[in-house]
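Colleague: Pasting coords_2.cif here (mmCIF, C-alpha atoms):
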```cif
data_coords
#
loop_
_atom_site.label_atom_id
_atom_site.label_comp_id
_atom_site.auth_asym_id
_atom_site.auth_seq_id
_atom_site.Cartn_x
_atom_site.Cartn_y
_atom_site.Cartn_z
CA LEU A 1 47.79 60.47 -88.52
CA LEU A 2 44.66 61.88 -86.99
CA GLN A 3 45.00 65.56 -87.71
CA VAL A 4 46.18 65.33 -91.28
CA GLY A 5 43.53 66.81 -93.52
CA THR A 6 40.72 66.85 -90.96
CA LEU A 7 39.19 69.81 -92.71
CA GLU A 8 39.55 68.15 -96.12
CA LEU A 9 37.82 65.05 -94.76
CA LEU A 10 34.93 67.10 -93.42
CA ALA A 11 34.61 69.30 -96.53
CA PRO A 12 31.04 69.37 -97.83
CA TYR A 13 31.99 68.59 -101.45
CA PRO A 14 32.81 65.10 -102.83
CA PRO A 15 36.41 64.41 -101.77
CA GLY A 16 35.28 65.31 -98.25
CA TRP A 17 32.48 63.53 -96.42
CA GLY A 18 30.82 66.57 -94.79
CA GLY A 19 28.00 66.57 -97.35
CA ASN A 20 27.15 62.96 -96.51
CA LEU A 21 27.01 63.80 -92.82
CA LEU A 22 24.71 66.76 -93.42
CA ARG A 23 22.46 64.64 -95.63
CA GLY A 24 22.41 62.06 -92.84
CA LEU A 25 21.45 64.75 -90.35
CA VAL A 26 18.57 65.88 -92.56
CA ASN A 27 17.38 62.25 -92.89
CA SER A 28 17.64 61.83 -89.13
CA ILE A 29 15.52 64.94 -88.60
CA TYR A 30 12.92 63.66 -91.09
CA ILE A 31 12.71 60.33 -89.30
CA ALA A 32 12.56 62.03 -85.90
CA ILE A 33 9.78 64.41 -86.98
CA GLY A 34 7.77 61.63 -88.61
CA ALA A 35 8.21 59.25 -85.68
CA TYR A 36 7.37 61.99 -83.19
CA ALA A 37 4.20 62.98 -85.05
CA LEU A 38 3.12 59.36 -85.40
CA GLY A 39 3.95 58.81 -81.72
CA ILE A 40 1.80 61.73 -80.62
CA ALA A 41 -1.07 60.53 -82.82
CA ILE A 42 -0.82 57.03 -81.32
CA GLY A 43 -0.33 58.55 -77.87
CA THR A 44 -3.44 60.76 -78.07
CA ALA A 45 -5.57 57.86 -79.24
CA GLY A 46 -3.95 55.58 -76.65
CA ALA A 47 -4.46 58.03 -73.80
CA TYR A 48 -8.13 58.47 -74.68
CA GLY A 49 -8.51 54.72 -75.04
CA LYS A 50 -6.92 54.12 -71.66
CA LEU A 51 -9.07 56.74 -69.95
CA TYR A 52 -12.44 56.32 -71.66
CA GLY A 53 -12.23 53.01 -73.56
CA GLY A 54 -13.95 49.75 -72.74
CA PRO A 55 -12.29 47.06 -70.63
CA ILE A 56 -10.82 45.11 -73.57
CA LEU A 57 -9.32 48.19 -75.22
CA ARG A 58 -7.85 49.34 -71.90
CA ASP A 59 -6.23 45.96 -71.30
CA LEU A 60 -4.80 45.81 -74.81
CA LEU A 61 -3.35 49.31 -74.45
CA GLU A 62 -1.87 48.36 -71.09
CA VAL A 63 -0.18 45.37 -72.76
CA TYR A 64 1.13 47.63 -75.56
CA THR A 65 2.63 50.28 -73.28
CA THR A 66 4.03 47.73 -70.83
CA ILE A 67 5.74 45.67 -73.52
CA VAL A 68 7.16 48.61 -75.45
CA ARG A 69 8.41 50.38 -72.35
CA GLY A 70 9.80 47.17 -70.88
CA VAL A 71 11.81 45.98 -73.90
CA PRO A 72 15.01 47.76 -75.00
CA GLU A 73 14.43 50.08 -77.94
CA LEU A 74 17.19 48.46 -79.96
CA ILE A 75 15.51 45.05 -79.67
CA LEU A 76 12.13 46.56 -80.61
CA ILE A 77 13.65 48.18 -83.68
CA LEU A 78 15.26 44.93 -84.82
CA LEU A 79 12.07 42.99 -84.05
CA LEU A 80 9.66 45.39 -85.75
CA TYR A 81 11.92 45.91 -88.75
CA TYR A 82 12.83 42.31 -89.56
CA ALA A 83 9.86 40.41 -88.11
CA GLY A 84 7.38 43.13 -89.09
CA GLY A 85 8.70 43.31 -92.64
CA ASP A 86 8.67 39.54 -92.91
CA LEU A 87 5.10 39.43 -91.63
CA ILE A 88 3.91 42.06 -94.11
CA ASN A 89 5.50 40.21 -97.00
CA ARG A 90 4.06 36.87 -95.88
CA VAL A 91 0.60 38.40 -95.70
CA LEU A 92 1.09 39.95 -99.15
CA VAL A 93 2.24 36.64 -100.61
CA GLY A 94 -0.61 34.86 -98.86
CA LEU A 95 -3.08 37.26 -100.47
CA GLY A 96 -1.54 36.68 -103.86
CA TYR A 97 0.51 39.88 -104.20
CA SER A 98 4.25 40.00 -104.82
CA PRO A 99 6.49 40.83 -101.83
CA VAL A 100 7.55 44.47 -101.52
CA ASP A 101 10.83 46.10 -100.60
CA ILE A 102 10.05 48.21 -97.57
CA ASN A 103 11.06 51.85 -97.89
CA GLY A 104 13.77 52.61 -95.34
CA LEU A 105 12.50 56.04 -94.37
CA ILE A 106 8.91 54.88 -93.85
CA ALA A 107 9.97 51.75 -91.98
CA GLY A 108 12.15 53.86 -89.68
CA ILE A 109 9.33 56.29 -89.00
CA VAL A 110 6.84 53.53 -88.28
CA VAL A 111 9.20 51.55 -86.06
CA LEU A 112 10.24 54.55 -83.97
CA GLY A 113 6.67 55.91 -84.01
CA VAL A 114 5.33 52.73 -82.43
CA VAL A 115 7.98 53.03 -79.69
CA GLN A 116 7.29 56.73 -79.17
CA GLY A 117 3.54 56.06 -79.12
CA ALA A 118 3.80 53.97 -75.98
CA TYR A 119 5.70 56.67 -74.11
CA SER A 120 3.41 59.47 -75.36
CA THR A 121 0.37 57.45 -74.28
CA GLU A 122 1.60 57.59 -70.70
CA VAL A 123 2.64 61.25 -70.88
CA LEU A 124 -0.69 62.36 -72.38
CA ARG A 125 -2.75 60.16 -70.06
CA GLY A 126 -1.11 61.79 -67.06
CA ALA A 127 -1.60 65.26 -68.56
CA ILE A 128 -5.30 64.66 -69.28
CA LEU A 129 -5.79 63.41 -65.73
CA ALA A 130 -4.22 66.64 -64.46
CA VAL A 131 -6.93 68.76 -66.12
CA PRO A 132 -9.38 69.82 -63.38
CA GLN A 133 -12.42 67.56 -63.68
CA GLY A 134 -14.75 70.54 -63.22
CA GLN A 135 -13.68 72.04 -66.55
CA ILE A 136 -14.61 68.87 -68.42
CA GLU A 137 -17.88 68.56 -66.49
CA ALA A 138 -18.74 72.19 -67.26
CA ALA A 139 -18.12 71.57 -70.96
CA ARG A 140 -20.36 68.50 -70.82
CA ALA A 141 -23.02 70.52 -69.04
CA TYR A 142 -22.92 72.94 -71.97
CA GLY A 143 -23.78 70.00 -74.18
CA MET A 144 -20.46 69.85 -76.05
CA PRO A 145 -20.03 66.69 -78.09
CA PRO A 146 -16.92 64.64 -77.16
CA LEU A 147 -14.75 65.71 -80.11
CA LEU A 148 -15.48 69.41 -79.61
CA LEU A 149 -14.79 69.00 -75.89
CA MET A 150 -11.47 67.39 -76.69
CA ARG A 151 -10.50 70.12 -79.15
CA ARG A 152 -11.65 73.09 -77.10
CA ILE A 153 -11.09 72.03 -73.49
CA THR A 154 -9.07 68.89 -72.83
CA LEU A 155 -6.24 69.27 -75.33
CA PRO A 156 -5.48 72.97 -74.69
CA ALA A 157 -5.85 72.58 -70.94
CA MET A 158 -3.59 69.53 -70.71
CA LEU A 159 -0.86 71.01 -72.94
CA PRO A 160 1.11 72.76 -70.16
CA PHE A 161 1.20 69.48 -68.20
CA ALA A 162 2.23 67.48 -71.25
CA ILE A 163 4.91 69.77 -72.68
CA PRO A 164 7.83 68.76 -70.42
CA GLY A 165 7.20 65.06 -71.07
CA LEU A 166 6.64 65.59 -74.78
CA ALA A 167 9.78 67.73 -75.06
CA ASN A 168 11.74 64.94 -73.44
CA LEU A 169 10.25 62.50 -75.95
CA TRP A 170 11.35 64.71 -78.84
CA LEU A 171 14.94 64.69 -77.56
CA ILE A 172 14.73 60.91 -77.19
CA ALA A 173 13.32 60.64 -80.73
CA THR A 174 16.22 62.57 -82.25
CA LYS A 175 18.74 60.33 -80.51
CA ASP A 176 16.83 57.09 -81.12
CA THR A 177 17.20 57.60 -84.86
CA ALA A 178 20.82 56.58 -84.30
CA LEU A 179 19.65 53.08 -83.34
CA LEU A 180 18.35 52.63 -86.89
CA ALA A 181 22.00 52.51 -88.00
CA VAL A 182 22.09 48.96 -86.63
CA VAL A 183 19.48 47.90 -89.18
CA GLY A 184 21.58 49.59 -91.82
CA SER A 185 19.02 50.41 -94.48
CA PHE A 186 18.35 54.08 -93.70
CA SER A 187 21.14 56.51 -94.42
CA GLU A 188 20.69 58.56 -91.26
CA LEU A 189 23.49 60.39 -89.52
CA THR A 190 25.04 57.57 -87.51
CA LEU A 191 25.14 55.17 -90.46
CA GLU A 192 26.60 57.85 -92.76
CA THR A 193 29.19 58.53 -90.09
CA ARG A 194 30.05 54.88 -89.78
CA GLN A 195 30.48 54.56 -93.53
CA ALA A 196 32.57 57.72 -93.78
CA ALA A 197 34.74 56.64 -90.86
CA GLY A 198 35.15 53.15 -92.25
CA ALA A 199 36.12 54.42 -95.69
CA THR A 200 38.68 56.94 -94.46
CA LYS A 201 39.81 55.22 -91.23
CA ALA A 202 39.45 58.62 -89.54
CA TYR A 203 37.13 57.21 -86.88
CA PHE A 204 37.69 59.86 -84.27
CA THR A 205 37.15 62.80 -86.62
CA PHE A 206 33.84 61.60 -87.97
CA TYR A 207 32.32 60.36 -84.75
CA VAL A 208 33.19 63.62 -83.00
CA ALA A 209 31.75 65.58 -85.93
CA ALA A 210 28.53 63.55 -85.82
CA GLY A 211 28.36 64.02 -82.06
CA ALA A 212 28.64 67.78 -82.57
CA LEU A 213 25.75 67.67 -85.07
CA TYR A 214 23.53 65.71 -82.67
CA LEU A 215 24.46 68.09 -79.87
CA LEU A 216 23.60 71.06 -82.07
CA LEU A 217 20.22 69.50 -82.82
CA THR A 218 19.59 69.02 -79.09
CA LEU A 219 20.64 72.56 -78.19
CA VAL A 220 18.51 74.13 -80.92
CA SER A 221 15.60 71.92 -79.82
CA ASN A 222 16.05 73.14 -76.25
CA ILE A 223 15.70 76.75 -77.36
CA VAL A 224 12.54 75.97 -79.34
CA ILE A 225 11.13 73.92 -76.45
CA ALA A 226 11.63 76.81 -74.04
CA ARG A 227 9.64 79.07 -76.40
CA VAL A 228 6.87 76.50 -76.82
CA GLU A 229 6.63 76.04 -73.06
CA ILE A 230 6.16 79.78 -72.54
CA TRP A 231 3.53 79.78 -75.28
CA ALA A 232 1.64 76.80 -73.80
CA ARG A 233 1.63 78.38 -70.36
CA ARG A 234 0.38 81.77 -71.56
CA GLY A 235 -2.32 83.08 -69.27
CA ALA A 236 -1.63 80.45 -66.62
CA PRO A 237 -0.59 81.61 -63.15
CA SER A 238 3.15 81.52 -62.52
CA VAL A 239 4.30 78.35 -60.79
CA ALA A 240 7.58 79.72 -59.52
CA GLY A 241 7.35 80.82 -55.91
CA GLY A 242 9.41 83.99 -56.32
CA ASP A 243 12.71 82.25 -57.05
CA MET B 1 -6.33 42.51 -39.52
CA SER B 2 -6.73 38.79 -39.08
CA VAL B 3 -5.43 36.16 -41.42
CA ALA B 4 -8.94 35.50 -42.67
CA ASP B 5 -9.38 39.13 -43.68
CA GLY B 6 -6.19 39.02 -45.71
CA THR B 7 -7.32 35.88 -47.48
CA VAL B 8 -10.69 37.38 -48.33
CA GLU B 9 -9.03 40.53 -49.60
CA ARG B 10 -6.71 38.51 -51.78
CA LEU B 11 -9.63 36.49 -53.11
CA THR B 12 -11.64 39.60 -54.00
CA ARG B 13 -8.61 41.11 -55.68
CA ALA B 14 -8.12 37.93 -57.69
CA SER B 15 -11.79 37.85 -58.68
CA LEU B 16 -11.53 41.53 -59.67
CA TRP B 17 -8.59 40.73 -61.92
CA TRP B 18 -10.36 37.76 -63.52
CA GLN B 19 -13.08 39.73 -65.22
CA PRO B 20 -14.91 37.82 -67.99
CA HIS B 21 -13.16 39.61 -70.86
CA ARG B 22 -9.74 38.91 -69.38
CA ILE B 23 -10.38 35.16 -69.52
CA GLY B 24 -10.98 35.59 -73.25
CA LEU B 25 -7.86 37.73 -73.69
CA VAL B 26 -5.68 35.27 -71.79
CA ALA B 27 -7.10 32.43 -73.90
CA ILE B 28 -6.21 34.36 -77.07
CA ALA B 29 -2.70 35.04 -75.73
CA ILE B 30 -2.19 31.35 -74.92
CA GLY B 31 -3.47 30.49 -78.39
CA LEU B 32 -0.96 32.86 -80.00
CA VAL B 33 1.90 31.37 -77.97
CA LEU B 34 0.86 27.84 -78.95
CA LEU B 35 0.58 28.91 -82.59
CA ALA B 36 4.09 30.36 -82.44
CA ALA B 37 5.40 27.25 -80.68
CA THR B 38 3.96 24.87 -83.25
CA THR B 39 4.33 26.77 -86.53
CA MET B 40 7.68 28.53 -86.10
CA ARG B 41 11.13 26.98 -86.20
CA TRP B 42 12.69 26.40 -82.78
CA ASP B 43 15.30 23.76 -83.66
CA TRP B 44 18.08 26.35 -83.36
CA ILE B 45 17.57 26.75 -79.63
CA PRO B 46 19.95 23.97 -78.46
CA ASN B 47 22.77 25.38 -80.63
CA TYR B 48 22.46 28.84 -79.16
CA THR B 49 21.62 28.17 -75.52
CA ASP B 50 25.20 28.64 -74.32
CA LEU B 51 25.55 31.86 -76.29
CA ALA B 52 22.27 33.23 -74.94
CA LEU B 53 23.19 32.38 -71.35
CA LYS B 54 26.56 34.01 -71.82
CA GLY B 55 24.84 37.08 -73.23
CA ILE B 56 22.46 37.30 -70.28
CA TRP B 57 25.39 37.03 -67.89
CA THR B 58 27.27 39.79 -69.77
CA THR B 59 24.20 42.02 -69.61
CA ILE B 60 23.83 41.47 -65.86
CA TRP B 61 27.42 42.09 -64.85
CA MET B 62 27.75 45.03 -67.16
CA LEU B 63 24.56 46.57 -65.77
CA VAL B 64 25.80 46.14 -62.20
CA VAL B 65 29.35 47.33 -62.84
CA THR B 66 28.41 50.36 -64.95
CA SER B 67 25.57 51.35 -62.60
CA VAL B 68 27.86 51.30 -59.58
CA LEU B 69 30.75 53.08 -61.32
CA GLY B 70 28.41 55.57 -62.97
CA PHE B 71 26.70 56.37 -59.70
CA LEU B 72 30.04 56.91 -57.96
CA LEU B 73 30.94 59.36 -60.75
CA ALA B 74 27.51 60.98 -60.63
CA ILE B 75 27.87 62.06 -56.99
CA PRO B 76 30.77 64.48 -57.60
CA ILE B 77 29.27 65.58 -60.94
CA GLY B 78 26.01 66.52 -59.25
CA LEU B 79 27.69 68.00 -56.20
CA VAL B 80 30.07 70.39 -57.98
CA GLN B 81 27.17 71.77 -60.00
CA VAL B 82 25.40 72.72 -56.79
CA THR B 83 28.24 73.92 -54.64
CA GLY B 84 31.48 73.77 -56.60
CA PRO B 85 33.61 76.57 -58.03
CA ARG B 86 33.08 77.55 -61.65
CA TRP B 87 36.10 75.73 -63.01
CA LEU B 88 34.52 72.51 -61.74
CA SER B 89 30.81 73.20 -62.25
CA TYR B 90 31.06 74.36 -65.88
CA PRO B 91 32.94 71.27 -67.09
CA ALA B 92 30.47 69.08 -65.18
CA LEU B 93 27.54 70.88 -66.79
CA TRP B 94 29.12 70.50 -70.22
CA PHE B 95 29.85 66.84 -69.65
CA CYS B 96 26.18 66.22 -68.82
CA THR B 97 24.99 68.27 -71.80
CA VAL B 98 27.28 66.57 -74.30
CA ILE B 99 26.59 63.02 -73.13
CA ARG B 100 22.85 63.59 -72.85
CA GLY B 101 22.74 65.40 -76.18
CA THR B 102 24.32 62.66 -78.27
CA PRO B 103 23.13 59.10 -78.92
CA LEU B 104 24.58 56.34 -76.75
CA LEU B 105 25.24 54.20 -79.82
CA LEU B 106 27.39 56.98 -81.29
CA GLN B 107 29.37 57.30 -78.04
CA LEU B 108 29.87 53.55 -77.99
CA TRP B 109 31.18 53.50 -81.55
CA LEU B 110 33.29 56.61 -80.98
CA LEU B 111 35.07 54.95 -78.08
CA TYR B 112 35.31 51.49 -79.63
CA TYR B 113 36.35 52.41 -83.16
CA GLY B 114 37.94 55.77 -82.32
CA LEU B 115 40.04 54.81 -79.32
CA GLY B 116 40.43 51.32 -80.71
CA SER B 117 42.07 52.71 -83.83
CA LEU B 118 44.10 55.25 -81.85
CA PHE B 119 45.68 53.00 -79.25
CA PRO B 120 47.66 50.68 -81.55
CA GLN B 121 49.56 53.70 -82.91
CA PHE B 122 51.36 54.13 -79.60
CA PRO B 123 53.99 51.45 -78.95
CA TRP B 124 54.04 52.09 -75.20
CA ILE B 125 50.35 51.22 -74.98
CA ARG B 126 50.87 48.04 -76.94
CA GLU B 127 53.68 47.03 -74.63
CA SER B 128 51.78 47.84 -71.44
CA PHE B 129 50.07 45.18 -69.34
CA LEU B 130 46.68 46.70 -70.26
CA TRP B 131 47.00 45.84 -73.93
CA PRO B 132 45.41 42.35 -73.75
CA TYR B 133 42.31 44.00 -72.25
CA LEU B 134 42.30 47.00 -74.57
CA ARG B 135 42.12 44.65 -77.55
CA GLN B 136 38.76 43.32 -76.36
CA ALA B 137 35.42 45.04 -76.74
CA TRP B 138 34.12 45.07 -73.17
CA PRO B 139 36.37 47.81 -71.70
CA TYR B 140 34.95 50.26 -74.22
CA ALA B 141 31.40 49.16 -73.47
CA VAL B 142 31.97 49.55 -69.74
CA LEU B 143 33.55 52.97 -70.25
CA SER B 144 30.82 54.38 -72.48
CA LEU B 145 27.95 52.96 -70.41
CA THR B 146 29.58 54.29 -67.24
CA LEU B 147 29.98 57.77 -68.71
CA SER B 148 26.42 57.77 -70.02
CA TYR B 149 25.02 56.61 -66.69
CA ALA B 150 27.15 59.17 -64.84
CA ALA B 151 25.80 62.02 -66.98
CA TYR B 152 22.14 61.08 -66.57
CA GLU B 153 22.56 60.32 -62.88
CA GLY B 154 24.64 63.45 -62.38
CA GLU B 155 21.67 65.47 -63.52
CA VAL B 156 19.42 63.60 -61.09
CA MET B 157 21.90 64.01 -58.24
CA ARG B 158 22.26 67.73 -58.98
CA GLY B 159 18.53 68.15 -58.39
CA ALA B 160 18.66 65.89 -55.35
CA PHE B 161 21.56 67.78 -53.73
CA ALA B 162 19.85 71.10 -54.42
CA GLY B 163 16.59 69.75 -53.01
CA VAL B 164 17.87 68.90 -49.51
CA ALA B 165 16.34 71.41 -47.10
CA ARG B 166 18.78 74.16 -46.14
CA GLY B 167 17.74 73.96 -42.50
CA GLN B 168 19.14 70.44 -42.32
CA LEU B 169 22.57 71.57 -43.47
CA GLU B 170 22.49 74.62 -41.21
CA ALA B 171 21.54 72.46 -38.25
CA ALA B 172 24.44 70.14 -39.01
CA ARG B 173 26.76 73.11 -39.16
CA ALA B 174 25.38 74.41 -35.86
CA PHE B 175 26.29 71.05 -34.33
CA GLY B 176 29.87 71.81 -35.31
CA MET B 177 30.13 69.04 -37.90
CA SER B 178 32.99 69.38 -40.35
CA ARG B 179 32.27 69.77 -44.08
CA TRP B 180 33.01 66.16 -44.84
CA THR B 181 30.90 64.88 -41.92
CA ARG B 182 28.01 67.12 -42.97
CA PHE B 183 28.25 65.73 -46.46
CA ARG B 184 28.53 62.13 -45.35
CA ARG B 185 25.92 62.16 -42.58
CA ILE B 186 23.30 64.64 -43.81
CA TRP B 187 23.61 65.83 -47.37
CA LEU B 188 24.43 62.65 -49.28
CA PRO B 189 21.98 60.29 -47.48
CA GLN B 190 19.05 62.65 -47.92
CA ALA B 191 19.91 63.40 -51.53
CA VAL B 192 20.17 59.69 -52.36
CA TYR B 193 16.94 58.98 -50.50
CA ASN B 194 15.08 61.63 -52.50
CA ALA B 195 16.62 60.53 -55.79
CA LEU B 196 16.02 56.82 -55.27
CA PRO B 197 12.81 56.46 -57.32
CA THR B 198 14.40 58.31 -60.26
CA LEU B 199 17.61 56.31 -59.93
CA ALA B 200 15.65 53.06 -60.03
CA GLY B 201 13.77 54.14 -63.14
CA GLU B 202 16.99 55.25 -64.80
CA THR B 203 18.69 51.93 -64.02
CA SER B 204 15.88 49.88 -65.49
CA ARG B 205 15.94 52.08 -68.61
CA ARG B 206 19.50 51.22 -69.58
CA SER B 207 19.79 48.07 -71.51
CA PRO B 208 21.95 47.95 -74.65
#
```
Please rewrite the model in this file as structure tokens.
Modeller:
Amino acid sequence: LLQVGTLELLAPYPPGWGGNLLRGLVNSIYIAIGAYALGIAIGTAGAYGKLYGGPILRDLLEVYTTIVRGVPELILILLLYYAGGDLINRVLVGLGYSPVDINGLIAGIVVLGVVQGAYSTEVLRGAILAVPQGQIEAARAYGMPPLLLMRRITLPAMLPFAIPGLANLWLIATKDTALLAVVGSFSELTLETRQAAGATKAYFTFYVAAGALYLLLTLVSNIVIARVEIWARRGAPSVAGGD
Amino acid sequence: MSVADGTVERLTRASLWWQPHRIGLVAIAIGLVLLAATTMRWDWIPNYTDLALKGIWTTIWMLVVTSVLGFLLAIPIGLVQVTGPRWLSYPALWFCTVIRGTPLLLQLWLLYYGLGSLFPQFPWIRESFLWPYLRQAWPYAVLSLTLSYAAYEGEVMRGAFAGVARGQLEAARAFGMSRWTRFRRIWLPQAVYNALPTLAGETSRRSP
């Protein structure tokens, strides 16, 4: 019942569904990378806005991070996807254009990126605050313009403080792509799995296989993260107290 | 500190919050809410009130039940990773890794569709007294949320158990306390106390 032809079901060529799962995994990774990059971009801007922005900008960013971090991600995804898509089309129709069909991949990246952005804002804000103030003051005393200061001093100096939080966000991003299966218009891994399982009735086989793929992604990510952490800390004094 | 001082402090804090630009922002927010209230359709609310209330109640009891069960599971999972023999600590470590490394939605569907399609194949399960419950969705939700919570909390509790100062445990041993008493009186309370902020954050994070 369950074991019959498990390997045939998971075969990568057409009678089997393994190829679909792998394609889903690749799509999931695309969405995760895109959302993560967008999240870090939003997070960097948000962190700077929260630290150095005017009162109105700071309040608006506070509202953004509070709402996004306080509402379940699944609800945000449904809200941003359906309500956001509806809003875009209404604006387009209002301006006299014809409504568009929103690309699944891009919508997924934007939706998850907005969620990730709120979390990265907080991570990066904390990391920037952890940079010794004297370093920034010294750079200012040298007459560095703000952007150069950010590129040369703040960003490299805050990286070791930000890496653990950002690594955590990457792992969350890879797993949050699964939530997009509920919307059902991106063929990422969980949706592919659901379709394969529904078509073959071999629910256990496919969900376990998909779980193994996600786990593999996490484990590989962990190895890369460990390397990146060593790289970001190069030259810094060891924190471990002779453990 | 007199009562008057407290009142003044509260008044200054309130006046600090009500900066000029905030009045404008609040006005804009109220305007947006009014716009939504007047231009959007809300006539469906009466039809769905009961359903929404039921949903809120389900969320609350499921949060409470799975948090409590998950925490009870997390204590041994964290403990064996700190002090247990290998045949207990390795499975606990793997449990945490697998649950934390896969999406919750996938676990939920694996249990609901996977177990749900497996159980009816066994006649003895269908004839057991549990069958009326196993045909509903909530046991699977409770199970998967409990396991997920246990894995994340287990990781927190592992750090908390490892973080209790050794001197405390040695002192307890010097008092002649038995293993179980040491655990109950010294190790567990201090670990939970240290982990409390993380536990609270973790609880508020779970929501589906």
Colleague: Enumerate, as a tab-separated table (two decimals) with C-alpha atoms, in the coordinates of the input, the residues matched when the PyMOL selection byres ((chain A) within 9 of (chain B)) is run on the file above.
Modeller:
```tsv
chain	number	residue	atom	x	y	z
A	1	LEU	CA	47.79	60.47	-88.52
A	2	LEU	CA	44.66	61.88	-86.99
A	55	PRO	CA	-12.29	47.06	-70.63
A	56	ILE	CA	-10.82	45.11	-73.57
A	59	ASP	CA	-6.23	45.96	-71.30
A	60	LEU	CA	-4.80	45.81	-74.81
A	69	ARG	CA	8.41	50.38	-72.35
A	70	GLY	CA	9.80	47.17	-70.88
A	71	VAL	CA	11.81	45.98	-73.90
A	72	PRO	CA	15.01	47.76	-75.00
A	73	GLU	CA	14.43	50.08	-77.94
A	74	LEU	CA	17.19	48.46	-79.96
A	75	ILE	CA	15.51	45.05	-79.67
A	171	LEU	CA	14.94	64.69	-77.56
A	172	ILE	CA	14.73	60.91	-77.19
A	174	THR	CA	16.22	62.57	-82.25
A	175	LYS	CA	18.74	60.33	-80.51
A	176	ASP	CA	16.83	57.09	-81.12
A	177	THR	CA	17.20	57.60	-84.86
A	178	ALA	CA	20.82	56.58	-84.30
A	179	LEU	CA	19.65	53.08	-83.34
A	181	ALA	CA	22.00	52.51	-88.00
A	190	THR	CA	25.04	57.57	-87.51
A	194	ARG	CA	30.05	54.88	-89.78
A	197	ALA	CA	34.74	56.64	-90.86
A	201	LYS	CA	39.81	55.22	-91.23
A	202	ALA	CA	39.45	58.62	-89.54
A	203	TYR	CA	37.13	57.21	-86.88
A	204	PHE	CA	37.69	59.86	-84.27
A	205	THR	CA	37.15	62.80	-86.62
A	206	PHE	CA	33.84	61.60	-87.97
A	207	TYR	CA	32.32	60.36	-84.75
A	208	VAL	CA	33.19	63.62	-83.00
A	210	ALA	CA	28.53	63.55	-85.82
A	211	GLY	CA	28.36	64.02	-82.06
A	212	ALA	CA	28.64	67.78	-82.57
A	213	LEU	CA	25.75	67.67	-85.07
A	214	TYR	CA	23.53	65.71	-82.67
A	215	LEU	CA	24.46	68.09	-79.87
A	216	LEU	CA	23.60	71.06	-82.07
A	217	LEU	CA	20.22	69.50	-82.82
A	218	THR	CA	19.59	69.02	-79.09
A	219	LEU	CA	20.64	72.56	-78.19
```
Colleague: How many Å separate CA of Trp57 in chain B from CA of Leu69 in chain B?
Modeller: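 We find that CA of Trp57 in chain B and CA of Leu69 in chain B lie 18.2 Å from each other.
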Colleague: Just the residues within 8 Å of Ala232 in chain A, please, counting all atoms listed in the file, with nothing from its chain fewer than 4 positions along; format it as a VMD selection string.
Modeller: chain A and resid 159 to 160 163 228
Colleague: Report the distance between CA of Leu169 in chain A and CA of Val63 in chain A in Å, rounded to one decimal place.
Modeller: 20.3 Å
Colleague: As an exercise, work out the distance from CA of Glu155 in chain B to CA of Gly201 in chain B in Å and give it to one decimal place.
Modeller: 13.8 Å
Colleague: Using all atoms listed in the file, which protein or nucleic acid residues come within 12 Å of Thr121 in chain A? Drop anything in the same chain fewer than 3 positions from it, and give the result as an MDAnalysis selection string.
Modeller: chainID A and resid 38:51 58 61:62 64:66 68:69 113:118 124:128 162 165:166 169
Colleague: Write a file of the selected residues as a tab-separated table (two decimals), keeping the file's coordinate frame, keeping C-alpha atoms.
Modeller:
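Saved result, selection-v7.tsv, follows:
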```tsv
chain	number	residue	atom	x	y	z
A	38	LEU	CA	3.12	59.36	-85.40
A	39	GLY	CA	3.95	58.81	-81.72
A	40	ILE	CA	1.80	61.73	-80.62
A	41	ALA	CA	-1.07	60.53	-82.82
A	42	ILE	CA	-0.82	57.03	-81.32
A	43	GLY	CA	-0.33	58.55	-77.87
A	44	THR	CA	-3.44	60.76	-78.07
A	45	ALA	CA	-5.57	57.86	-79.24
A	46	GLY	CA	-3.95	55.58	-76.65
A	47	ALA	CA	-4.46	58.03	-73.80
A	48	TYR	CA	-8.13	58.47	-74.68
A	49	GLY	CA	-8.51	54.72	-75.04
A	50	LYS	CA	-6.92	54.12	-71.66
A	51	LEU	CA	-9.07	56.74	-69.95
A	58	ARG	CA	-7.85	49.34	-71.90
A	61	LEU	CA	-3.35	49.31	-74.45
A	62	GLU	CA	-1.87	48.36	-71.09
A	64	TYR	CA	1.13	47.63	-75.56
A	65	THR	CA	2.63	50.28	-73.28
A	66	THR	CA	4.03	47.73	-70.83
A	68	VAL	CA	7.16	48.61	-75.45
A	69	ARG	CA	8.41	50.38	-72.35
A	113	GLY	CA	6.67	55.91	-84.01
A	114	VAL	CA	5.33	52.73	-82.43
A	115	VAL	CA	7.98	53.03	-79.69
A	116	GLN	CA	7.29	56.73	-79.17
A	117	GLY	CA	3.54	56.06	-79.12
A	118	ALA	CA	3.80	53.97	-75.98
A	124	LEU	CA	-0.69	62.36	-72.38
A	125	ARG	CA	-2.75	60.16	-70.06
A	126	GLY	CA	-1.11	61.79	-67.06
A	127	ALA	CA	-1.60	65.26	-68.56
A	128	ILE	CA	-5.30	64.66	-69.28
A	162	ALA	CA	2.23	67.48	-71.25
A	165	GLY	CA	7.20	65.06	-71.07
A	166	LEU	CA	6.64	65.59	-74.78
A	169	LEU	CA	10.25	62.50	-75.95
```
Colleague: Tell me, as a PyMOL selection string, which residues lie within 7 Å of Asn89 in chain A, counting all atoms listed in the file; anything in the same chain fewer than 3 positions away does not count.
Modeller: chain A and resi 85-86+92-93+99-100
Colleague: To verify the selection step, state as a ChimeraX atom specification which residues the PyMOL selection byres ((chain B and resi 78-90) around 7) yields on this input.
Modeller: /B:74-77,91-94,154-155,157-158,161-162
